[in-house]
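Participant: Dropping in protein.txt, with compact mmCIF, C-alpha atoms.
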# COMPACT_ATOMS: atom_id res chain seq x y z
CA MET A 1 94.37 93.05 80.12
CA THR A 2 93.57 93.54 83.81
CA GLU A 3 95.92 96.54 84.03
CA HIS A 4 94.11 98.05 81.08
CA ASN A 5 90.80 97.51 82.86
CA TYR A 6 91.99 99.43 85.91
CA GLN A 7 93.27 102.26 83.73
CA ASP A 8 89.89 102.39 82.05
CA LEU A 9 88.15 102.28 85.44
CA ALA A 10 90.19 105.26 86.63
CA GLN A 11 89.00 107.23 83.61
CA GLN A 12 85.42 106.12 84.18
CA ILE A 13 85.61 107.28 87.81
CA LYS A 14 86.50 110.76 86.64
CA LEU A 15 83.60 110.76 84.18
CA TRP A 16 81.20 109.59 86.90
CA SER A 17 82.66 112.23 89.20
CA SER A 18 81.87 114.95 86.70
CA ALA A 19 78.36 113.59 86.20
CA GLU A 20 77.81 113.83 89.96
CA GLY A 21 78.79 117.50 89.92
CA PHE A 22 82.36 117.22 91.19
CA GLN A 23 84.79 119.58 89.49
CA GLN A 24 87.80 117.27 89.78
CA ALA A 25 88.91 113.82 90.89
CA GLY A 26 92.35 112.32 91.37
CA ILE A 27 93.94 109.12 92.65
CA THR A 28 96.85 108.79 95.04
CA ASP A 29 98.65 106.23 97.18
CA THR A 30 98.77 106.28 100.98
CA ASP A 31 102.27 107.60 101.68
CA LEU A 32 101.82 110.73 103.80
CA GLY A 33 105.20 110.81 105.50
CA VAL A 34 105.98 114.53 105.15
CA HIS A 35 102.41 115.51 106.03
CA GLU A 36 102.45 113.19 109.04
CA GLN A 37 105.50 115.00 110.41
CA HIS A 38 103.86 118.38 109.86
CA LEU A 39 100.70 117.23 111.68
CA ASN A 40 102.66 115.91 114.65
CA ASN A 41 104.68 119.13 114.93
CA TRP A 42 101.45 121.13 114.83
CA LEU A 43 99.87 119.03 117.55
CA ASP A 44 103.00 119.21 119.70
CA LYS A 45 102.76 123.00 119.67
CA GLY A 46 99.26 122.81 121.12
CA TYR A 47 97.69 124.60 118.15
CA SER A 48 94.68 122.23 118.09
CA GLY A 49 93.18 123.76 121.24
CA GLU A 50 90.22 121.75 122.51
CA MET A 51 90.01 119.60 119.36
CA GLY A 52 91.26 116.49 121.07
CA TYR A 53 89.84 114.31 118.32
CA LEU A 54 92.74 115.39 116.11
CA SER A 55 95.18 113.39 118.20
CA LYS A 56 93.13 110.62 119.79
CA HIS A 57 93.37 108.30 116.78
CA GLY A 58 97.15 108.06 116.91
CA SER A 59 98.67 107.59 113.46
CA LYS A 60 95.42 106.48 111.77
CA ARG A 61 94.95 109.99 110.40
CA SER A 62 98.25 109.91 108.51
CA GLN A 63 98.35 106.17 107.86
CA PRO A 64 95.23 105.34 105.78
CA ALA A 65 95.90 101.60 105.91
CA GLU A 66 95.76 101.75 109.71
CA LEU A 67 92.36 103.40 109.60
CA ILE A 68 91.01 101.02 106.93
CA PRO A 69 93.19 97.90 106.62
CA GLY A 70 94.02 96.98 103.05
CA THR A 71 93.77 100.52 101.70
CA GLU A 72 96.10 100.99 98.73
CA ARG A 73 94.56 103.95 96.95
CA VAL A 74 92.59 107.05 97.86
CA ILE A 75 90.28 108.58 95.27
CA CYS A 76 89.93 112.30 96.03
CA PHE A 77 87.13 114.57 94.85
CA ARG A 78 86.64 118.35 94.75
CA LEU A 79 83.23 120.06 94.82
CA ASP A 80 82.71 123.83 94.55
CA TYR A 81 80.32 125.40 97.06
CA LEU A 82 80.41 129.20 96.59
CA THR A 83 77.01 130.58 95.60
CA ASP A 84 76.13 133.70 93.64
CA SER A 85 74.65 135.42 96.67
CA ALA A 86 75.49 138.37 98.90
CA SER A 87 79.12 139.48 98.53
CA PRO A 88 81.28 138.10 101.37
CA ARG A 89 83.33 141.31 101.42
CA ASP A 90 80.21 143.46 101.74
CA ILE A 91 78.83 141.39 104.63
CA ILE A 92 82.17 141.33 106.47
CA ALA A 93 82.30 145.13 106.18
CA SER A 94 78.82 145.53 107.71
CA ASP A 95 78.48 145.90 111.46
CA GLN A 96 74.73 145.14 111.46
CA GLN A 97 74.68 142.05 109.24
CA ALA A 98 75.80 138.60 110.40
CA TYR A 99 78.64 136.86 108.61
CA VAL A 100 78.16 133.10 108.30
CA ALA A 101 80.89 131.02 106.65
CA ARG A 102 79.87 130.40 103.05
CA TYR A 103 80.31 126.64 103.30
CA SER A 104 77.51 126.37 105.85
CA LEU A 105 74.76 128.40 104.17
CA GLY A 106 72.98 125.49 102.51
CA ARG A 107 72.43 121.82 103.19
CA ASP A 108 75.05 120.04 105.29
CA TYR A 109 77.84 119.18 102.87
CA HIS A 110 78.55 115.88 104.64
CA LYS A 111 75.18 114.55 103.48
CA VAL A 112 75.44 115.96 99.97
CA ILE A 113 78.92 114.62 99.25
CA ARG A 114 78.39 111.26 100.89
CA GLN A 115 75.41 110.53 98.64
CA LYS A 116 77.45 111.44 95.57
CA LEU A 117 80.35 109.21 96.67
CA LYS A 118 77.94 106.37 97.40
CA ARG A 119 76.57 106.50 93.85
CA ILE A 120 80.08 106.56 92.39
CA TRP A 121 81.09 103.54 94.46
CA GLN A 122 78.02 101.66 93.27
CA LYS A 123 79.13 102.34 89.69
CA ILE A 124 82.61 101.08 90.54
CA GLU A 125 81.17 97.86 91.94
CA ALA A 126 79.02 97.38 88.84
CA TYR A 127 82.06 97.95 86.60
CA LEU A 128 84.09 95.33 88.48
CA GLN A 129 81.31 92.81 88.16
CA GLU A 130 80.71 93.55 84.47
CA HIS A 131 84.41 93.14 83.64
CA GLU A 132 84.78 90.07 85.84
CA LEU A 133 87.32 91.77 88.09
CA PRO A 134 87.76 90.84 91.76
CA PRO A 135 85.36 92.64 94.12
CA ALA A 136 86.88 95.53 96.05
CA GLU A 137 86.48 97.29 99.37
CA GLY A 138 85.65 100.97 99.56
CA ARG A 139 85.00 103.41 102.42
CA LEU A 140 83.59 106.89 101.87
CA PHE A 141 84.69 110.00 103.76
CA THR A 142 84.15 113.74 103.75
CA ASP A 143 85.50 115.56 106.78
CA SER A 144 83.95 112.80 108.87
CA ALA A 145 86.85 110.65 110.08
CA PRO A 146 90.59 110.89 110.88
CA VAL A 147 91.60 111.62 107.29
CA LEU A 148 94.25 114.10 106.08
CA GLU A 149 92.03 115.39 103.30
CA LYS A 150 94.15 118.27 102.06
CA ALA A 151 97.36 116.24 102.05
CA LEU A 152 95.71 113.43 100.09
CA ALA A 153 94.14 115.88 97.66
CA GLN A 154 97.51 117.51 97.02
CA LYS A 155 99.05 114.10 96.33
CA ALA A 156 96.14 113.34 93.98
CA GLY A 157 96.86 116.49 91.96
CA LEU A 158 93.88 118.59 93.07
CA GLY A 159 95.95 121.55 94.24
CA TRP A 160 98.56 122.69 96.74
CA ILE A 161 98.31 123.56 100.42
CA GLY A 162 98.64 127.32 100.66
CA LYS A 163 99.99 129.64 103.33
CA ASN A 164 96.47 129.79 104.79
CA THR A 165 96.66 125.97 105.23
CA LEU A 166 93.80 125.49 102.75
CA LEU A 167 94.01 123.56 99.51
CA LEU A 168 94.35 125.98 96.60
CA ASN A 169 93.70 125.26 92.94
CA ARG A 170 95.02 127.46 90.12
CA ASP A 171 91.73 127.25 88.25
CA ALA A 172 89.30 127.33 91.17
CA GLY A 173 90.82 129.03 94.21
CA SER A 174 89.71 127.40 97.45
CA TRP A 175 85.91 127.61 97.76
CA PHE A 176 85.38 123.86 97.56
CA PHE A 177 84.79 120.74 99.63
CA LEU A 178 86.80 117.53 99.53
CA GLY A 179 85.69 113.93 99.68
CA GLU A 180 87.53 110.61 99.56
CA ILE A 181 87.08 106.92 98.82
CA TYR A 182 89.58 104.61 100.52
CA THR A 183 89.95 101.42 98.49
CA ASN A 184 92.16 98.41 97.81
CA LEU A 185 91.73 98.80 94.05
CA PRO A 186 95.11 98.90 92.24
CA LEU A 187 94.26 102.04 90.29
CA PRO A 188 96.90 104.08 88.40
CA LEU A 189 98.13 107.17 90.25
CA ASP A 190 97.67 110.77 89.22
CA THR A 191 100.52 113.26 89.33
CA GLU A 192 101.03 114.93 92.69
CA THR A 193 100.95 118.73 92.90
CA THR A 194 104.48 119.60 93.94
CA GLU A 195 104.71 123.31 93.08
CA GLN A 196 103.58 126.00 95.49
CA HIS A 197 101.98 129.03 93.85
CA CYS A 198 101.61 131.41 96.79
CA GLY A 199 104.92 133.08 96.01
CA THR A 200 105.61 136.14 98.15
CA CYS A 201 101.91 136.82 98.72
CA SER A 202 100.87 137.10 102.36
CA ALA A 203 97.31 138.40 101.92
CA CYS A 204 95.75 135.62 103.99
CA MET A 205 98.04 136.25 106.94
CA ASP A 206 97.79 140.02 106.68
CA VAL A 207 93.98 140.11 106.77
CA CYS A 208 93.44 137.52 109.51
CA PRO A 209 91.45 139.47 112.12
CA THR A 210 92.94 137.64 115.10
CA ASN A 211 96.47 137.11 113.74
CA ALA A 212 96.00 133.34 113.92
CA PHE A 213 98.88 132.61 111.54
CA ASN A 214 102.15 132.32 113.41
CA ALA A 215 103.99 131.71 110.15
CA PRO A 216 103.16 130.71 106.58
CA TYR A 217 101.43 127.30 106.56
CA GLU A 218 101.11 127.45 110.37
CA LEU A 219 97.70 128.23 111.85
CA ASP A 220 97.12 128.45 115.60
CA ALA A 221 93.53 127.23 115.80
CA ARG A 222 93.17 128.69 119.32
CA LYS A 223 93.11 132.16 117.75
CA CYS A 224 91.17 131.24 114.61
CA ILE A 225 87.63 132.64 114.44
CA SER A 226 86.33 129.44 112.85
CA TYR A 227 87.59 127.51 115.87
CA LEU A 228 86.38 130.08 118.39
CA THR A 229 82.84 130.27 116.99
CA ILE A 230 82.34 126.57 116.20
CA GLU A 231 84.67 124.16 117.97
CA HIS A 232 85.36 126.13 121.15
CA ARG A 233 82.64 125.57 123.72
CA GLY A 234 83.66 127.88 126.52
CA SER A 235 84.25 131.57 127.05
CA ILE A 236 85.86 133.41 124.15
CA ASP A 237 89.05 135.20 125.16
CA PRO A 238 88.03 138.85 125.76
CA THR A 239 91.18 140.02 123.95
CA LEU A 240 89.92 138.34 120.76
CA ARG A 241 86.25 139.33 120.88
CA THR A 242 86.53 142.70 119.18
CA ALA A 243 88.49 141.19 116.30
CA ILE A 244 85.71 138.69 115.67
CA GLY A 245 83.58 141.52 114.33
CA ASN A 246 80.27 140.26 112.93
CA ARG A 247 81.43 136.69 112.24
CA ILE A 248 78.98 134.45 114.09
CA PHE A 249 79.78 131.07 112.51
CA GLY A 250 83.20 130.53 111.00
CA CYS A 251 85.38 132.96 109.11
CA ASP A 252 86.37 133.18 105.45
CA ASP A 253 88.74 136.14 105.40
CA CYS A 254 91.76 134.09 104.33
CA GLN A 255 89.71 132.91 101.35
CA VAL A 256 87.86 136.14 100.59
CA PHE A 257 91.12 138.04 100.17
CA CYS A 258 93.17 135.28 98.52
CA PRO A 259 94.11 136.38 94.96
CA TRP A 260 93.61 132.85 93.63
CA ASN A 261 89.92 133.06 94.41
CA LYS A 262 89.40 135.44 91.51
CA PHE A 263 89.25 132.19 89.54
CA ALA A 264 86.60 130.61 91.78
CA GLN A 265 83.45 129.44 90.04
CA PHE A 266 79.94 129.56 91.47
CA THR A 267 78.54 126.16 92.28
CA GLY A 268 75.75 124.55 90.31
CA GLU A 269 74.75 122.44 93.31
CA SER A 270 71.25 123.51 94.35
CA ASP A 271 71.67 121.96 97.81
CA PHE A 272 74.19 124.68 98.65
CA THR A 273 71.72 127.51 98.00
CA PRO A 274 71.56 129.69 101.15
CA ARG A 275 68.71 128.91 103.51
CA HIS A 276 66.71 131.43 105.56
CA ASN A 277 68.67 134.30 103.94
CA LEU A 278 71.65 133.47 106.14
CA ASP A 279 73.97 134.95 103.53
CA ASP A 280 72.58 138.41 104.31
CA THR A 281 70.66 138.64 107.62
CA ASP A 282 70.82 141.22 110.39
CA LEU A 283 72.29 140.26 113.74
CA LEU A 284 69.30 141.33 115.82
CA GLY A 285 66.97 139.12 113.81
CA LEU A 286 69.14 136.07 114.40
CA PHE A 287 69.66 136.89 118.08
CA ALA A 288 65.87 136.83 118.50
CA TRP A 289 65.63 133.18 117.44
CA THR A 290 64.37 130.91 120.18
CA GLU A 291 66.07 127.55 120.65
CA ALA A 292 63.15 125.89 118.86
CA GLU A 293 63.57 128.27 115.92
CA PHE A 294 67.30 127.62 115.85
CA LEU A 295 66.77 123.86 115.73
CA THR A 296 64.12 124.15 113.03
CA ARG A 297 66.00 126.58 110.81
CA THR A 298 69.33 124.79 111.07
CA GLU A 299 67.92 121.31 110.47
CA GLY A 300 70.16 119.54 107.95
CA SER A 301 72.74 122.33 108.26
CA ALA A 302 76.35 122.32 109.41
CA ILE A 303 75.46 125.29 111.64
CA ARG A 304 73.92 122.83 114.10
CA ARG A 305 77.46 122.02 115.24
CA THR A 306 77.77 125.18 117.31
CA GLY A 307 74.54 124.51 119.22
CA TYR A 308 72.06 127.15 120.34
CA ARG A 309 74.24 128.14 123.28
CA GLY A 310 77.21 128.81 121.03
CA TRP A 311 74.95 130.60 118.54
CA GLN A 312 73.73 133.02 121.22
CA ARG A 313 77.26 133.51 122.58
CA ASN A 314 78.63 134.31 119.12
CA ILE A 315 75.85 136.74 118.18
CA ALA A 316 76.18 138.53 121.51
CA VAL A 317 79.85 139.18 120.72
CA ALA A 318 78.94 140.44 117.26
CA LEU A 319 76.29 142.76 118.69
CA GLY A 320 78.87 144.13 121.09
CA ASN A 321 81.06 144.90 118.10
CA ALA A 322 78.29 146.67 116.18
CA ASP A 323 77.91 150.44 116.12
CA TYR A 324 75.78 151.73 118.96
CA ARG A 325 72.04 151.36 118.58
CA PRO A 326 69.62 151.54 121.53
CA GLU A 327 67.66 148.54 120.22
CA ILE A 328 70.78 146.40 120.55
CA ILE A 329 71.05 147.11 124.27
CA VAL A 330 67.31 146.41 124.66
CA ALA A 331 67.69 143.04 122.91
CA LEU A 332 70.76 142.09 124.92
CA GLU A 333 69.23 143.04 128.27
CA GLY A 334 66.02 141.22 127.35
CA ALA A 335 67.94 137.98 126.76
CA LEU A 336 69.77 138.04 130.09
CA ALA A 337 66.95 136.55 132.13
CA GLU A 338 67.04 133.19 130.31
CA ALA A 339 70.75 133.12 129.49
CA ASP A 340 73.02 130.62 131.21
CA GLU A 341 76.28 131.71 132.81
CA LEU A 342 78.35 131.41 129.63
CA VAL A 343 75.97 133.32 127.38
CA ALA A 344 75.27 135.90 130.08
CA GLU A 345 79.00 136.63 130.35
CA HIS A 346 79.16 137.50 126.66
CA ILE A 347 75.91 139.47 126.78
CA ASP A 348 77.26 141.55 129.68
CA TRP A 349 80.42 142.20 127.69
CA ALA A 350 78.38 143.24 124.65
CA ILE A 351 76.21 145.60 126.70
CA GLU A 352 79.33 147.21 128.14
CA GLN A 353 80.75 147.67 124.62
CA GLN A 354 77.52 149.25 123.41
CA LYS A 355 77.39 151.63 126.33
CA LEU A 356 80.99 152.68 125.79
CA LYS A 357 80.11 153.49 122.18
CA GLN A 358 77.01 155.35 123.31
CA VAL A 359 79.15 157.60 125.48
CA GLY A 360 81.59 158.16 122.67
CA SER A 361 78.94 158.91 120.05
Could you write out this file's structure as structure tokens?
Facilitator:
Amino acid sequence: MTEHNYQDLAQQIKLWSSAEGFQQAGITDTDLGVHEQHLNNWLDKGYSGEMGYLSKHGSKRSQPAELIPGTERVICFRLDYLTDSASPRDIIASDQQAYVARYSLGRDYHKVIRQKLKRIWQKIEAYLQEHELPPAEGRLFTDSAPVLEKALAQKAGLGWIGKNTLLLNRDAGSWFFLGEIYTNLPLPLDTETTEQHCGTCSACMDVCPTNAFNAPYELDARKCISYLTIEHRGSIDPTLRTAIGNRIFGCDDCQVFCPWNKFAQFTGESDFTPRHNLDDTDLLGLFAWTEAEFLTRTEGSAIRRTGYRGWQRNIAVALGNADYRPEIIVALEGALAEADELVAEHIDWAIEQQKLKQVGS
């Protein structure tokens, strides 16, 4: 009878997941052997750049029971985030508009997903009590701890890890977030996704502006625009600046041009609605933000992660990449007086780029 209860609970979890707005949920065990080897090889090659947190936890990232003792199952969830707003392709193609990664346009996804997972766990606890089952432990995660989210999601049947190193789903592409509940509940397992459906396609690697893919399934974060504009705190390699284009926070090219994303669905989650028109805003307008404006307008947003200094650095690079306009040089020169050494370096570079274009125009 108890086994039947846990089977029923697994089904209830998926119903509660749907009610919370998740598009899919799956359950897996904690064996990540193959993925652990892949992670270690990736780290050994130095591809993580300055992201030291990816290695400082030892094997806890690939051994869930080391992170949370007693963990037997991981319940994985998928939540779409793409909104029906300005076309990513159109914004990427514009030299005057700022491209902000689509995942960061609305409310910080960490907060949104965590609240959903919390409500689901509360329902799980109520179910256990109602059916006189032993109480259980559960820990909630969403890109907030040493967790191999994509590997666990693949094992839980939510999709496969594509050549762009993102989780892909045949019915939904890749515009979605992941969340997890680590638990000691003996829930039945879902079927792992074992087939790869990228075939001979190499669109993601071909369109990468900075050639960050050294091979299929192998991303060198040190050349990735998402890393350079968010995680990297220092000077951006001058040889990569032009390729960054107008991308001021993250990069979605390997999703925008992935054929599987023709199946992506727009989210119904109102919290992901773009704020402050960041899905379609001109670079000069954003560069004019004071630090106080930045802090106010990015409150509750994942964009806060880059900090005002990184924000100014990134926009300066994008302005340098824009077609020549005299007002761009005026704005850049006007910001020099208050810029620190790092930002000033990138502003100087941008001014030089604009003047070279002025001569050539």
Participant: Would you mind telling me which residue in A:Val343, A:Leu284, A:Ile328, A:Ala25 lies nearest to Lys355 of chain A when using only C-alpha atoms?
Facilitator: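 Of A:Val343, A:Leu284, A:Ile328, A:Ala25, the one nearest Lys355 of chain A is A:Ile328, counting only C-alpha atoms.
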Participant: Please identify all polymer residues within 9 Å of segment 38-50 of chain A, counting all atoms listed in the file, omitting same-chain residues fewer than 3 positions from it, and present them as a list in words.
Facilitator: Gly33, Val34, His35, Tyr53, Leu54, Ser55, Ser62, Glu218, Leu219, Asp220, Ala221, Arg222, Lys223, Tyr227, Glu231, His232 and Arg233 of chain A
Participant: List as JSON lines every residue of segment 84-168 of chain A that is in contact with segment 208-217 of chain A, defined as an atom at most 6 Å from one of its atoms (using all atoms listed in the file), together with the nearest atom pair and the distance in Å rounded to one decimal, sorted by chain and then rising number.
Facilitator:
{"residue": "A:Lys163", "atom": "CA", "partner": "A:Tyr217", "partner_atom": "CA", "distance": 4.2}
{"residue": "A:Asn164", "atom": "CA", "partner": "A:Tyr217", "partner_atom": "CA", "distance": 5.8}
{"residue": "A:Thr165", "atom": "CA", "partner": "A:Tyr217", "partner_atom": "CA", "distance": 5.1}
Participant: Could you list, as a list in words, every residue within 7 Å of Gly250 of chain A, counting only C-alpha atoms and ignoring same-chain residues fewer than 4 positions away?
Facilitator: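 Non-adjacent residues within range: Val100, Ala101, Ile225, Ser226, Thr229 and Ile230 of chain A.
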Participant: Counting only C-alpha atoms, figure out which residue out of A:His197, A:Lys262, A:Arg119, A:Lys150 gets nearest to Phe177 of chain A.
Facilitator: A:Lys150
Participant: Could you check which of A:Gly162, A:Gly307, A:Pro186, A:Gly199 is closest to Asp8 of chain A, using only C-alpha atoms?
Facilitator: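 Closest to Asp8 of chain A, using only C-alpha atoms: A:Pro186.
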Participant: Under the rule that all atoms listed in the file are counted, which of A:Ala156, A:Leu82, A:Ile161, A:Ala322 is the nearest residue to Ala98 of chain A?
Facilitator: A:Ala322
Participant: Which one is closest to Glu137 of chain A: A:Thr267, A:Thr71, A:Thr83, A:Ser174? Count all atoms listed in the file.
Facilitator: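 Of all the options, A:Thr71 lies closest to Glu137 of chain A.
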Participant: Tell me which of A:Leu332, A:Ala344, A:Ala302, A:Leu356 sits closest to Gly106 of chain A, counting all atoms listed in the file.
Facilitator: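 Closest to Gly106 of chain A, using all atoms listed in the file: A:Ala302.
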Participant: Fewer than 6 positions away in the same chain doesn't count, so skip those; otherwise give me all residues within 10 Å of Ser87 of chain A, counting all atoms listed in the file, as a VMD selection string.
Facilitator: chain A and resid 256 279 to 280
